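Shown next, in structure tokens, is the structure this report addresses.
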Amino acid sequence: MIQLQAVERPTELTDELVKKLTDKYNQATDKKPSVWKKEYITEALLRMSFDKCCFCECKVDEEGKYPEVEHFHPKSLYPDEVILWKNLLPICSRCNKKKSNHDTKQDPIIHPIRNNPKEHLKLKNFRLHDVTQLGKKTVAVVYLNDRKRLVDKRYDIGTRLSEALEKLLKYIEKSDILNLVEERNEAAGTLESLMLEGTKEYEYSATAATTILNDPNYSEIKNLFEDCKLWSDEFKTLEKQVQYCALDSQ
């Protein structure tokens, strides 16, 4: 879970339309209409999260994931916020079902925009652990340690990245990256590709970023790059982007 940056409300969602749709929802006596199901709403929310669920970070445009609109304060309890822009978030069907109608006003959980998950959660053994009560409640309510759907996925990502970093370190130690352009480019390109997985645009970026920054092979590779004058401004910028997504692992 990473902190998201809010995007502007779609221009189509005017104050007049918000009132009209809210009234339509509240006045329905039988089945409530899905007044939030507007393409421009979904597109704006997914753009904010890079097509990821705001809680678990899975890509919601993949088969079987299904992007849904999350009402942070549940519409069943707070119907007047059913189309309120600041109450809407992108979510996957799994997390939406787990969170259900939990009352986030009376019993708060992490809001992916207003709260920084780094302050409330840490990642250890590919499971999320609480740093604060807010983090503890979030893990429980959204069931963010679902072994089959989430923990196993984090393990696969972390293991693959660790093995790739180990392989890259061995390659660098055997190569002549100072004198051979092709080997220097190969090492730099591989490291860049691995680090990109820990940036906010990528699926499960918090897991990838935490794995990378805490892997001893990454530290060794960085030291070798610095010794060889290959740790460029681009890598420094990329590392800051990875740090943005990483959680504490201690």
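Ordered as shown in the structure tokens, chains take letters A, B, and onward, while each chain numbers its residues from 1 and ligands are numbered from 1 in the order shown.
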Shell of 8 Å around stretch 97-107 of chain A, only C-alpha atoms, local chain residues under 5 positions omitted, as a ChimeraX atom specification: /A:72-77,141-143
Would you kindly return, as a compact mmCIF listing (two decimals) with N, CA and C atoms, in the first residue's frame, each protein, DNA or RNA residue with an atom no farther than 12 Å from any atom of A:Lys122, considering only C-alpha atoms and excluding same-chain residues fewer than 2 positions away?
```txt
# COMPACT_ATOMS: atom_id res chain seq x y z
N MET A 1 0.85 -1.19 0.00
CA MET A 1 0.00 0.00 0.00
C MET A 1 0.88 1.23 0.00
N ILE A 2 0.59 2.17 -0.89
CA ILE A 2 1.36 3.41 -0.98
C ILE A 2 0.40 4.59 -0.90
N ASN A 116 -0.40 8.57 5.03
CA ASN A 116 0.74 7.91 4.41
C ASN A 116 0.90 6.53 5.04
N PRO A 117 0.67 5.47 4.27
CA PRO A 117 0.78 4.11 4.82
C PRO A 117 2.12 3.82 5.47
N LYS A 118 3.18 4.50 5.03
CA LYS A 118 4.52 4.29 5.61
C LYS A 118 4.53 4.59 7.12
N GLU A 119 3.65 5.45 7.57
CA GLU A 119 3.60 5.82 8.97
C GLU A 119 2.81 4.82 9.81
N HIS A 120 2.11 3.92 9.15
CA HIS A 120 1.19 3.04 9.87
C HIS A 120 1.44 1.55 9.64
N LYS A 124 7.12 -7.27 6.68
CA LYS A 124 8.10 -8.24 7.16
C LYS A 124 7.63 -9.63 6.78
N ASN A 125 8.53 -10.40 6.16
CA ASN A 125 8.19 -11.74 5.68
C ASN A 125 6.96 -11.70 4.76
N PHE A 126 6.88 -10.62 4.01
CA PHE A 126 5.84 -10.41 3.01
C PHE A 126 4.44 -10.30 3.60
N ARG A 127 4.37 -10.04 4.88
CA ARG A 127 3.11 -9.76 5.55
C ARG A 127 3.14 -8.32 6.07
N LEU A 128 2.00 -7.65 6.02
CA LEU A 128 1.90 -6.30 6.55
C LEU A 128 1.68 -6.36 8.06
N HIS A 129 2.47 -5.59 8.78
CA HIS A 129 2.36 -5.51 10.23
C HIS A 129 2.04 -4.07 10.62
N ASP A 130 1.30 -3.92 11.70
CA ASP A 130 0.90 -2.58 12.10
C ASP A 130 2.00 -1.86 12.86
N VAL A 131 2.09 -0.57 12.62
CA VAL A 131 2.94 0.32 13.39
C VAL A 131 2.06 1.14 14.33
N THR A 132 0.83 1.38 13.88
CA THR A 132 -0.13 2.14 14.68
C THR A 132 -1.46 1.38 14.71
N GLY A 135 -3.06 1.39 11.35
CA GLY A 135 -2.54 0.35 10.48
C GLY A 135 -3.11 -1.00 10.82
N LYS A 136 -3.22 -1.31 12.10
CA LYS A 136 -3.76 -2.59 12.54
C LYS A 136 -5.19 -2.77 12.08
N VAL A 139 -5.33 -3.39 8.16
CA VAL A 139 -4.96 -4.75 7.77
C VAL A 139 -6.10 -5.72 8.06
N ALA A 206 4.96 -1.34 -3.29
CA ALA A 206 5.47 -1.27 -1.92
C ALA A 206 6.30 -2.51 -1.59
N THR A 207 5.82 -3.67 -2.02
CA THR A 207 6.56 -4.92 -1.80
C THR A 207 7.87 -4.90 -2.57
N THR A 210 10.38 -2.28 -1.06
CA THR A 210 10.91 -2.72 0.23
C THR A 210 11.93 -3.83 0.04
N THR A 211 11.63 -4.75 -0.86
CA THR A 211 12.55 -5.85 -1.15
C THR A 211 13.87 -5.33 -1.70
N CYS A 245 7.90 4.48 -2.17
CA CYS A 245 6.97 3.35 -2.06
C CYS A 245 7.34 2.36 -0.97
N ALA A 246 8.59 2.36 -0.54
CA ALA A 246 9.06 1.33 0.38
C ALA A 246 8.49 1.53 1.78
N LEU A 247 8.25 0.38 2.45
CA LEU A 247 7.83 0.38 3.83
C LEU A 247 9.00 -0.05 4.71
N ASP A 248 8.92 0.30 5.97
CA ASP A 248 9.92 -0.19 6.92
C ASP A 248 9.78 -1.70 7.02
N SER A 249 10.90 -2.39 7.18
CA SER A 249 10.86 -3.85 7.27
C SER A 249 11.42 -4.35 8.60
N GLN A 250 11.67 -3.42 9.52
CA GLN A 250 12.25 -3.81 10.81
C GLN A 250 11.16 -4.00 11.87
```
Nearest residue to A:Gln243 from the set A:Asn223, A:Thr199, A:Glu182, A:Leu230 (distances using only C-alpha atoms): A:Thr199
Those of stretch 21-99 of chain A in DSSP helix (DSSP H, G or I), formatted as a PyMOL selection string: chain A and resi 21-27+39-49+79-81+85-87+93-99
Selected residues written out with N, CA and C atoms, as an mmCIF file, in the first residue's frame:
```cif
data_model
loop_
_atom_site.group_PDB
_atom_site.id
_atom_site.type_symbol
_atom_site.label_atom_id
_atom_site.label_comp_id
_atom_site.auth_asym_id
_atom_site.auth_seq_id
_atom_site.Cartn_x
_atom_site.Cartn_y
_atom_site.Cartn_z
ATOM 1 N N LEU A 21 -27.538 13.413 -8.834
ATOM 2 C CA LEU A 21 -27.283 11.981 -8.672
ATOM 3 C C LEU A 21 -27.465 11.539 -7.221
ATOM 4 N N THR A 22 -27.085 12.398 -6.288
ATOM 5 C CA THR A 22 -27.270 12.079 -4.875
ATOM 6 C C THR A 22 -28.755 11.975 -4.550
ATOM 7 N N ASP A 23 -29.536 12.915 -5.059
ATOM 8 C CA ASP A 23 -30.983 12.884 -4.840
ATOM 9 C C ASP A 23 -31.593 11.631 -5.473
ATOM 10 N N LYS A 24 -31.124 11.284 -6.658
ATOM 11 C CA LYS A 24 -31.634 10.094 -7.346
ATOM 12 C C LYS A 24 -31.377 8.843 -6.520
ATOM 13 N N TYR A 25 -30.195 8.769 -5.928
ATOM 14 C CA TYR A 25 -29.833 7.618 -5.110
ATOM 15 C C TYR A 25 -30.674 7.577 -3.833
ATOM 16 N N ASN A 26 -30.790 8.701 -3.180
ATOM 17 C CA ASN A 26 -31.501 8.750 -1.903
ATOM 18 C C ASN A 26 -33.005 8.558 -2.046
ATOM 19 N N GLN A 27 -33.546 8.949 -3.182
ATOM 20 C CA GLN A 27 -34.990 8.867 -3.373
ATOM 21 C C GLN A 27 -35.457 7.501 -3.853
ATOM 22 N N GLU A 39 -18.089 6.382 -16.766
ATOM 23 C CA GLU A 39 -16.763 6.091 -17.314
ATOM 24 C C GLU A 39 -15.747 7.156 -16.927
ATOM 25 N N TYR A 40 -16.140 8.411 -16.951
ATOM 26 C CA TYR A 40 -15.193 9.480 -16.628
ATOM 27 C C TYR A 40 -14.781 9.448 -15.161
ATOM 28 N N ILE A 41 -15.635 8.916 -14.292
ATOM 29 C CA ILE A 41 -15.274 8.779 -12.875
ATOM 30 C C ILE A 41 -14.256 7.663 -12.705
ATOM 31 N N THR A 42 -14.554 6.516 -13.282
ATOM 32 C CA THR A 42 -13.651 5.371 -13.172
ATOM 33 C C THR A 42 -12.290 5.681 -13.776
ATOM 34 N N GLU A 43 -12.270 6.305 -14.931
ATOM 35 C CA GLU A 43 -11.007 6.626 -15.605
ATOM 36 C C GLU A 43 -10.150 7.566 -14.769
ATOM 37 N N ALA A 44 -10.764 8.568 -14.177
ATOM 38 C CA ALA A 44 -10.010 9.526 -13.356
ATOM 39 C C ALA A 44 -9.442 8.849 -12.117
ATOM 40 N N LEU A 45 -10.221 7.985 -11.482
ATOM 41 C CA LEU A 45 -9.752 7.284 -10.289
ATOM 42 C C LEU A 45 -8.610 6.329 -10.614
ATOM 43 N N LEU A 46 -8.732 5.621 -11.731
ATOM 44 C CA LEU A 46 -7.673 4.686 -12.121
ATOM 45 C C LEU A 46 -6.405 5.426 -12.536
ATOM 46 N N ARG A 47 -6.568 6.587 -13.116
ATOM 47 C CA ARG A 47 -5.404 7.402 -13.466
ATOM 48 C C ARG A 47 -4.661 7.821 -12.202
ATOM 49 N N MET A 48 -5.397 8.108 -11.149
ATOM 50 C CA MET A 48 -4.800 8.501 -9.880
ATOM 51 C C MET A 48 -3.963 7.380 -9.280
ATOM 52 N N SER A 49 -4.402 6.134 -9.462
ATOM 53 C CA SER A 49 -3.726 4.998 -8.828
ATOM 54 C C SER A 49 -2.882 4.179 -9.798
ATOM 55 N N PRO A 79 -25.226 7.996 2.741
ATOM 56 C CA PRO A 79 -25.733 8.113 1.366
ATOM 57 C C PRO A 79 -25.516 9.480 0.730
ATOM 58 N N ASP A 80 -25.373 10.506 1.539
ATOM 59 C CA ASP A 80 -25.146 11.842 0.976
ATOM 60 C C ASP A 80 -23.750 11.980 0.371
ATOM 61 N N GLU A 81 -22.873 11.001 0.617
ATOM 62 C CA GLU A 81 -21.528 11.029 0.054
ATOM 63 C C GLU A 81 -21.371 10.028 -1.092
ATOM 64 N N TRP A 85 -16.814 13.492 -4.585
ATOM 65 C CA TRP A 85 -15.552 13.123 -5.218
ATOM 66 C C TRP A 85 -14.495 12.696 -4.214
ATOM 67 N N LYS A 86 -14.359 13.394 -3.124
ATOM 68 C CA LYS A 86 -13.309 13.059 -2.158
ATOM 69 C C LYS A 86 -13.606 11.769 -1.393
ATOM 70 N N ASN A 87 -14.776 11.189 -1.617
ATOM 71 C CA ASN A 87 -15.127 9.926 -0.966
ATOM 72 C C ASN A 87 -14.923 8.725 -1.886
ATOM 73 N N SER A 93 -12.259 -5.857 -6.636
ATOM 74 C CA SER A 93 -13.457 -6.490 -6.092
ATOM 75 C C SER A 93 -13.165 -7.209 -4.778
ATOM 76 N N ARG A 94 -11.970 -7.794 -4.635
ATOM 77 C CA ARG A 94 -11.635 -8.505 -3.399
ATOM 78 C C ARG A 94 -11.630 -7.557 -2.210
ATOM 79 N N CYS A 95 -10.881 -6.451 -2.341
ATOM 80 C CA CYS A 95 -10.784 -5.494 -1.242
ATOM 81 C C CYS A 95 -12.119 -4.830 -0.958
ATOM 82 N N ASN A 96 -12.895 -4.591 -2.001
ATOM 83 C CA ASN A 96 -14.204 -3.971 -1.821
ATOM 84 C C ASN A 96 -15.123 -4.868 -1.004
ATOM 85 N N LYS A 97 -15.091 -6.157 -1.294
ATOM 86 C CA LYS A 97 -15.919 -7.110 -0.542
ATOM 87 C C LYS A 97 -15.442 -7.218 0.904
ATOM 88 N N LYS A 98 -14.138 -7.236 1.119
ATOM 89 C CA LYS A 98 -13.618 -7.359 2.478
ATOM 90 C C LYS A 98 -13.957 -6.130 3.316
ATOM 91 N N LYS A 99 -13.784 -4.959 2.747
ATOM 92 C CA LYS A 99 -14.062 -3.721 3.488
ATOM 93 C C LYS A 99 -15.551 -3.574 3.745
#
```
Residue contacts of A:His71 (7 Å, only C-alpha atoms) excluding same-chain residues fewer than 6 positions away, as a count of residues only: 4
